[in-house]
Amino acid sequence: AKSEEARGEPAHANPETRAAAPAAAPPQLRLFCRMYAAQQLLMCGALSHAQALLAEPAASVLQLPASPPLLLAPFLLLLFCAPSARLLALSLALSLGIILRKMPFVWDFLLWDLQTDAALLALLLLCGPAAAADGDRAVALAAPIVRAQYVVFYACTALWKVNAAFLDASVSCAPIFFAQLLDAYVPAA
C-alpha cells in the first residue's frame, strides 16, 4: 500500500495519522508570532545597543537583566521557529513582566507595547485551550482592539504635540530635530 504522501495526500488527511502529527499553528497566528518575535528581537538588540551607548550600569546577576535580551531572546527565537499560541502567551507575559519591572522608567513606546501586548495576552488567556487549536481567533479578536488603541495613542500624541509652544520656533524641539536631520542627510554646500 502506498503512503499518504506518495498518493499526494498530506499525512494529516488520514484520521489514523492525524493524532500522531503535531498540530501546526493556524496561518494568521504563525505569521503574527514570527513578525512579533522578529520585531521584539530587533528591539532587544536596539535597546541593548542604546543602553551600551548611554553607559547604563549592568544589572546584577541576581536581578532580571537591564534589557530583555538575556531573558526573552530564547523564547522569541523559539517562537519564531515554532510558532504557537502557548509560546506567544509566554513571550507576551515575560515581556510585560520586564516592562512592569522597569516602570515608571520606560520609554513611551514601551507603554504602547504594554497595553497592546496586555490586550493580546488577555484574549489568548480568555480563549484558553481553544487558542492553541484556533489561535487565528485570538488574533482576529485582538486586531480591532489594537487598532482602536493605536488610533487613541496617535490622536492623543497629535493633540499633545500641537500646541502654542510646539509652533514657537524659539522654544520648541521641532526645529532642533529638523536641523539635525538637515545636518545628517543634506550635503554641506
# chains A, B, ... in the order shown; residues from 1 in each chain; ligands from 1
>>> residues_around(residues="region 143-153 of chain A", least_positions_apart="2", cutoff="8 Å", atoms="only C-alpha atoms", output="JSON, numbers by chain")
{"A": [112, 116, 119, 139, 140, 141, 155, 156, 157]}
>>> closest_residue(among="A:Trp107, A:Ile98, A:Ala174, A:Leu120", to="Asp136 (chain A)", atoms="only C-alpha atoms")
A:Leu120
>>> atom_distance(atom1="CA of Asp113 (chain A)", atom2="CA of Lys161 (chain A)")
20.5 Å
>>> atom_distance(atom1="CA of Cys127 (chain A)", atom2="CA of Gln28 (chain A)")
15.7 Å
>>> atom_distance(atom1="CA of Ala37 (chain A)", atom2="CA of Ala118 (chain A)")
15.9 Å
>>> closest_residue(among="A:Cys33, A:Leu96, A:Leu42, A:Ala188", to="Pro83 (chain A)", atoms="only C-alpha atoms")
A:Cys33
>>> residues_around(residues="Leu90 (chain A)", least_positions_apart="6", cutoff="12 Å", atoms="only C-alpha atoms", output="PDB file with N, CA and C atoms, in the first residue's frame")
ATOM      1  N   CYS A  33       3.112  35.456  15.086  1.00  0.00           N
ATOM      2  CA  CYS A  33       4.178  35.027  16.001  1.00  0.00           C
ATOM      3  C   CYS A  33       5.556  35.340  15.431  1.00  0.00           C
ATOM      4  N   ALA A  37       8.012  38.040  17.039  1.00  0.00           N
ATOM      5  CA  ALA A  37       9.324  37.595  17.510  1.00  0.00           C
ATOM      6  C   ALA A  37      10.445  38.373  16.825  1.00  0.00           C
ATOM      7  N   LEU A  71      16.813  37.343  28.951  1.00  0.00           N
ATOM      8  CA  LEU A  71      15.694  36.549  29.428  1.00  0.00           C
ATOM      9  C   LEU A  71      14.709  36.200  28.313  1.00  0.00           C
ATOM     10  N   LEU A  72      14.444  37.125  27.442  1.00  0.00           N
ATOM     11  CA  LEU A  72      13.379  36.974  26.458  1.00  0.00           C
ATOM     12  C   LEU A  72      13.851  36.378  25.131  1.00  0.00           C
ATOM     13  N   PRO A  74      15.698  33.783  24.087  1.00  0.00           N
ATOM     14  CA  PRO A  74      15.492  32.355  23.762  1.00  0.00           C
ATOM     15  C   PRO A  74      14.029  32.027  23.455  1.00  0.00           C
ATOM     16  N   PHE A  75      13.111  32.639  24.195  1.00  0.00           N
ATOM     17  CA  PHE A  75      11.691  32.389  23.950  1.00  0.00           C
ATOM     18  C   PHE A  75      11.263  32.973  22.608  1.00  0.00           C
ATOM     19  N   LEU A  76      11.812  34.142  22.268  1.00  0.00           N
ATOM     20  CA  LEU A  76      11.473  34.761  20.983  1.00  0.00           C
ATOM     21  C   LEU A  76      12.016  33.945  19.821  1.00  0.00           C
ATOM     22  N   LEU A  78      12.550  30.707  19.852  1.00  0.00           N
ATOM     23  CA  LEU A  78      11.701  29.522  19.796  1.00  0.00           C
ATOM     24  C   LEU A  78      10.348  29.857  19.176  1.00  0.00           C
ATOM     25  N   LEU A  79       9.794  31.021  19.544  1.00  0.00           N
ATOM     26  CA  LEU A  79       8.518  31.457  18.985  1.00  0.00           C
ATOM     27  C   LEU A  79       8.625  31.658  17.479  1.00  0.00           C
ATOM     28  N   PRO A  83       6.108  28.623  15.969  1.00  0.00           N
ATOM     29  CA  PRO A  83       5.035  29.486  16.470  1.00  0.00           C
ATOM     30  C   PRO A  83       3.879  28.700  17.075  1.00  0.00           C
ATOM     31  N   SER A  84       3.421  29.171  18.231  1.00  0.00           N
ATOM     32  CA  SER A  84       2.245  28.563  18.868  1.00  0.00           C
ATOM     33  C   SER A  84       1.617  29.595  19.794  1.00  0.00           C
ATOM     34  N   LEU A  96       5.770  41.632  29.266  1.00  0.00           N
ATOM     35  CA  LEU A  96       5.009  42.502  30.165  1.00  0.00           C
ATOM     36  C   LEU A  96       5.673  42.585  31.537  1.00  0.00           C
ATOM     37  N   GLY A  97       6.164  41.463  32.024  1.00  0.00           N
ATOM     38  CA  GLY A  97       6.850  41.460  33.317  1.00  0.00           C
ATOM     39  C   GLY A  97       8.089  42.331  33.314  1.00  0.00           C
ATOM     40  N   ASP A 117       0.237  44.476  24.113  1.00  0.00           N
ATOM     41  CA  ASP A 117       0.593  43.108  24.487  1.00  0.00           C
ATOM     42  C   ASP A 117      -0.358  42.575  25.557  1.00  0.00           C
ATOM     43  N   ALA A 118      -0.760  43.430  26.501  1.00  0.00           N
ATOM     44  CA  ALA A 118      -1.701  43.007  27.545  1.00  0.00           C
ATOM     45  C   ALA A 118      -3.054  42.640  26.936  1.00  0.00           C
ATOM     46  N   LEU A 120      -3.616  41.468  23.863  1.00  0.00           N
ATOM     47  CA  LEU A 120      -3.487  40.191  23.162  1.00  0.00           C
ATOM     48  C   LEU A 120      -3.333  39.040  24.152  1.00  0.00           C
ATOM     49  N   LEU A 121      -2.548  39.238  25.203  1.00  0.00           N
ATOM     50  CA  LEU A 121      -2.389  38.189  26.214  1.00  0.00           C
ATOM     51  C   LEU A 121      -3.733  37.874  26.877  1.00  0.00           C
ATOM     52  N   ALA A 122      -4.494  38.910  27.200  1.00  0.00           N
ATOM     53  CA  ALA A 122      -5.814  38.692  27.817  1.00  0.00           C
ATOM     54  C   ALA A 122      -6.713  37.882  26.887  1.00  0.00           C
ATOM     55  N   LEU A 124      -5.731  35.791  24.497  1.00  0.00           N
ATOM     56  CA  LEU A 124      -5.213  34.422  24.423  1.00  0.00           C
ATOM     57  C   LEU A 124      -5.638  33.626  25.659  1.00  0.00           C
ATOM     58  N   LEU A 125      -5.587  34.269  26.822  1.00  0.00           N
ATOM     59  CA  LEU A 125      -5.986  33.594  28.056  1.00  0.00           C
ATOM     60  C   LEU A 125      -7.494  33.355  28.102  1.00  0.00           C
TER      61      LEU A 125
END
>>> closest_residue(among="A:Leu77, A:Gly45, A:Gln40, A:Ala130", to="Leu110 (chain A)", atoms="only C-alpha atoms")
A:Gln40
>>> decode(residues="region 117-146 of chain A", atoms="N, CA, C and O atoms", output="PDB file, in the first residue's frame")
ATOM      1  N   ASP A 117       0.237  44.476  24.113  1.00  0.00           N
ATOM      2  CA  ASP A 117       0.593  43.108  24.487  1.00  0.00           C
ATOM      3  C   ASP A 117      -0.358  42.575  25.557  1.00  0.00           C
ATOM      4  O   ASP A 117      -0.733  41.408  25.538  1.00  0.00           O
ATOM      5  N   ALA A 118      -0.760  43.430  26.501  1.00  0.00           N
ATOM      6  CA  ALA A 118      -1.701  43.007  27.545  1.00  0.00           C
ATOM      7  C   ALA A 118      -3.054  42.640  26.936  1.00  0.00           C
ATOM      8  O   ALA A 118      -3.683  41.658  27.363  1.00  0.00           O
ATOM      9  N   ALA A 119      -3.492  43.391  25.931  1.00  0.00           N
ATOM     10  CA  ALA A 119      -4.769  43.078  25.274  1.00  0.00           C
ATOM     11  C   ALA A 119      -4.701  41.721  24.582  1.00  0.00           C
ATOM     12  O   ALA A 119      -5.618  40.895  24.712  1.00  0.00           O
ATOM     13  N   LEU A 120      -3.616  41.468  23.863  1.00  0.00           N
ATOM     14  CA  LEU A 120      -3.487  40.191  23.162  1.00  0.00           C
ATOM     15  C   LEU A 120      -3.333  39.040  24.152  1.00  0.00           C
ATOM     16  O   LEU A 120      -3.952  37.979  23.989  1.00  0.00           O
ATOM     17  N   LEU A 121      -2.548  39.238  25.203  1.00  0.00           N
ATOM     18  CA  LEU A 121      -2.389  38.189  26.214  1.00  0.00           C
ATOM     19  C   LEU A 121      -3.733  37.874  26.877  1.00  0.00           C
ATOM     20  O   LEU A 121      -4.076  36.712  27.077  1.00  0.00           O
ATOM     21  N   ALA A 122      -4.494  38.910  27.200  1.00  0.00           N
ATOM     22  CA  ALA A 122      -5.814  38.692  27.817  1.00  0.00           C
ATOM     23  C   ALA A 122      -6.713  37.882  26.887  1.00  0.00           C
ATOM     24  O   ALA A 122      -7.409  36.954  27.334  1.00  0.00           O
ATOM     25  N   LEU A 123      -6.694  38.192  25.600  1.00  0.00           N
ATOM     26  CA  LEU A 123      -7.527  37.439  24.659  1.00  0.00           C
ATOM     27  C   LEU A 123      -7.048  35.999  24.511  1.00  0.00           C
ATOM     28  O   LEU A 123      -7.856  35.080  24.423  1.00  0.00           O
ATOM     29  N   LEU A 124      -5.731  35.791  24.497  1.00  0.00           N
ATOM     30  CA  LEU A 124      -5.213  34.422  24.423  1.00  0.00           C
ATOM     31  C   LEU A 124      -5.638  33.626  25.659  1.00  0.00           C
ATOM     32  O   LEU A 124      -6.011  32.457  25.563  1.00  0.00           O
ATOM     33  N   LEU A 125      -5.587  34.269  26.822  1.00  0.00           N
ATOM     34  CA  LEU A 125      -5.986  33.594  28.056  1.00  0.00           C
ATOM     35  C   LEU A 125      -7.494  33.355  28.102  1.00  0.00           C
ATOM     36  O   LEU A 125      -7.946  32.314  28.574  1.00  0.00           O
ATOM     37  N   LEU A 126      -8.276  34.315  27.604  1.00  0.00           N
ATOM     38  CA  LEU A 126      -9.726  34.144  27.579  1.00  0.00           C
ATOM     39  C   LEU A 126     -10.150  33.040  26.617  1.00  0.00           C
ATOM     40  O   LEU A 126     -11.118  32.328  26.872  1.00  0.00           O
ATOM     41  N   CYS A 127      -9.422  32.921  25.510  1.00  0.00           N
ATOM     42  CA  CYS A 127      -9.733  31.847  24.562  1.00  0.00           C
ATOM     43  C   CYS A 127      -9.326  30.491  25.138  1.00  0.00           C
ATOM     44  O   CYS A 127      -9.841  29.462  24.713  1.00  0.00           O
ATOM     45  N   GLY A 128      -8.407  30.493  26.081  1.00  0.00           N
ATOM     46  CA  GLY A 128      -7.985  29.281  26.775  1.00  0.00           C
ATOM     47  C   GLY A 128      -7.415  28.237  25.844  1.00  0.00           C
ATOM     48  O   GLY A 128      -6.709  28.564  24.892  1.00  0.00           O
ATOM     49  N   PRO A 129      -7.715  26.978  26.099  1.00  0.00           N
ATOM     50  CA  PRO A 129      -7.177  25.902  25.276  1.00  0.00           C
ATOM     51  C   PRO A 129      -7.578  26.025  23.811  1.00  0.00           C
ATOM     52  O   PRO A 129      -6.893  25.526  22.938  1.00  0.00           O
ATOM     53  N   ALA A 130      -8.689  26.695  23.541  1.00  0.00           N
ATOM     54  CA  ALA A 130      -9.120  26.870  22.142  1.00  0.00           C
ATOM     55  C   ALA A 130      -8.106  27.701  21.364  1.00  0.00           C
ATOM     56  O   ALA A 130      -7.979  27.554  20.157  1.00  0.00           O
ATOM     57  N   ALA A 131      -7.354  28.574  22.051  1.00  0.00           N
ATOM     58  CA  ALA A 131      -6.356  29.401  21.364  1.00  0.00           C
ATOM     59  C   ALA A 131      -5.241  28.544  20.790  1.00  0.00           C
ATOM     60  O   ALA A 131      -4.678  28.870  19.753  1.00  0.00           O
ATOM     61  N   ALA A 132      -4.924  27.440  21.470  1.00  0.00           N
ATOM     62  CA  ALA A 132      -3.885  26.555  20.948  1.00  0.00           C
ATOM     63  C   ALA A 132      -4.326  25.925  19.632  1.00  0.00           C
ATOM     64  O   ALA A 132      -3.529  25.754  18.719  1.00  0.00           O
ATOM     65  N   ALA A 133      -5.615  25.591  19.541  1.00  0.00           N
ATOM     66  CA  ALA A 133      -6.126  24.979  18.319  1.00  0.00           C
ATOM     67  C   ALA A 133      -6.515  26.011  17.277  1.00  0.00           C
ATOM     68  O   ALA A 133      -6.350  25.799  16.094  1.00  0.00           O
ATOM     69  N   ASP A 134      -7.045  27.152  17.727  1.00  0.00           N
ATOM     70  CA  ASP A 134      -7.512  28.183  16.800  1.00  0.00           C
ATOM     71  C   ASP A 134      -6.996  29.545  17.240  1.00  0.00           C
ATOM     72  O   ASP A 134      -7.763  30.396  17.670  1.00  0.00           O
ATOM     73  N   GLY A 135      -5.690  29.715  17.157  1.00  0.00           N
ATOM     74  CA  GLY A 135      -5.076  30.982  17.546  1.00  0.00           C
ATOM     75  C   GLY A 135      -5.471  32.121  16.631  1.00  0.00           C
ATOM     76  O   GLY A 135      -5.392  33.283  17.017  1.00  0.00           O
ATOM     77  N   ASP A 136      -5.907  31.788  15.414  1.00  0.00           N
ATOM     78  CA  ASP A 136      -6.352  32.839  14.497  1.00  0.00           C
ATOM     79  C   ASP A 136      -7.523  33.613  15.093  1.00  0.00           C
ATOM     80  O   ASP A 136      -7.672  34.804  14.855  1.00  0.00           O
ATOM     81  N   ARG A 137      -8.351  32.926  15.882  1.00  0.00           N
ATOM     82  CA  ARG A 137      -9.497  33.595  16.509  1.00  0.00           C
ATOM     83  C   ARG A 137      -9.027  34.684  17.467  1.00  0.00           C
ATOM     84  O   ARG A 137      -9.558  35.797  17.465  1.00  0.00           O
ATOM     85  N   ALA A 138      -8.012  34.379  18.280  1.00  0.00           N
ATOM     86  CA  ALA A 138      -7.485  35.375  19.220  1.00  0.00           C
ATOM     87  C   ALA A 138      -6.871  36.553  18.467  1.00  0.00           C
ATOM     88  O   ALA A 138      -7.064  37.710  18.840  1.00  0.00           O
ATOM     89  N   VAL A 139      -6.139  36.257  17.393  1.00  0.00           N
ATOM     90  CA  VAL A 139      -5.533  37.333  16.593  1.00  0.00           C
ATOM     91  C   VAL A 139      -6.632  38.175  15.948  1.00  0.00           C
ATOM     92  O   VAL A 139      -6.565  39.403  15.940  1.00  0.00           O
ATOM     93  N   ALA A 140      -7.670  37.522  15.422  1.00  0.00           N
ATOM     94  CA  ALA A 140      -8.781  38.254  14.794  1.00  0.00           C
ATOM     95  C   ALA A 140      -9.534  39.105  15.816  1.00  0.00           C
ATOM     96  O   ALA A 140      -9.962  40.213  15.505  1.00  0.00           O
ATOM     97  N   LEU A 141      -9.687  38.607  17.042  1.00  0.00           N
ATOM     98  CA  LEU A 141     -10.347  39.390  18.087  1.00  0.00           C
ATOM     99  C   LEU A 141      -9.467  40.553  18.552  1.00  0.00           C
ATOM    100  O   LEU A 141      -9.968  41.624  18.887  1.00  0.00           O
ATOM    101  N   ALA A 142      -8.161  40.341  18.571  1.00  0.00           N
ATOM    102  CA  ALA A 142      -7.235  41.382  19.043  1.00  0.00           C
ATOM    103  C   ALA A 142      -7.063  42.507  18.034  1.00  0.00           C
ATOM    104  O   ALA A 142      -6.836  43.657  18.422  1.00  0.00           O
ATOM    105  N   ALA A 143      -7.156  42.198  16.757  1.00  0.00           N
ATOM    106  CA  ALA A 143      -6.874  43.195  15.710  1.00  0.00           C
ATOM    107  C   ALA A 143      -7.692  44.482  15.862  1.00  0.00           C
ATOM    108  O   ALA A 143      -7.116  45.574  15.878  1.00  0.00           O
ATOM    109  N   PRO A 144      -9.021  44.437  16.006  1.00  0.00           N
ATOM    110  CA  PRO A 144      -9.756  45.695  16.144  1.00  0.00           C
ATOM    111  C   PRO A 144      -9.452  46.422  17.461  1.00  0.00           C
ATOM    112  O   PRO A 144      -9.470  47.650  17.511  1.00  0.00           O
ATOM    113  N   ILE A 145      -9.153  45.655  18.511  1.00  0.00           N
ATOM    114  CA  ILE A 145      -8.814  46.284  19.793  1.00  0.00           C
ATOM    115  C   ILE A 145      -7.499  47.044  19.680  1.00  0.00           C
ATOM    116  O   ILE A 145      -7.389  48.199  20.105  1.00  0.00           O
ATOM    117  N   VAL A 146      -6.500  46.404  19.086  1.00  0.00           N
ATOM    118  CA  VAL A 146      -5.186  47.051  18.930  1.00  0.00           C
ATOM    119  C   VAL A 146      -5.299  48.240  17.984  1.00  0.00           C
ATOM    120  O   VAL A 146      -4.691  49.286  18.222  1.00  0.00           O
TER     121      VAL A 146
END
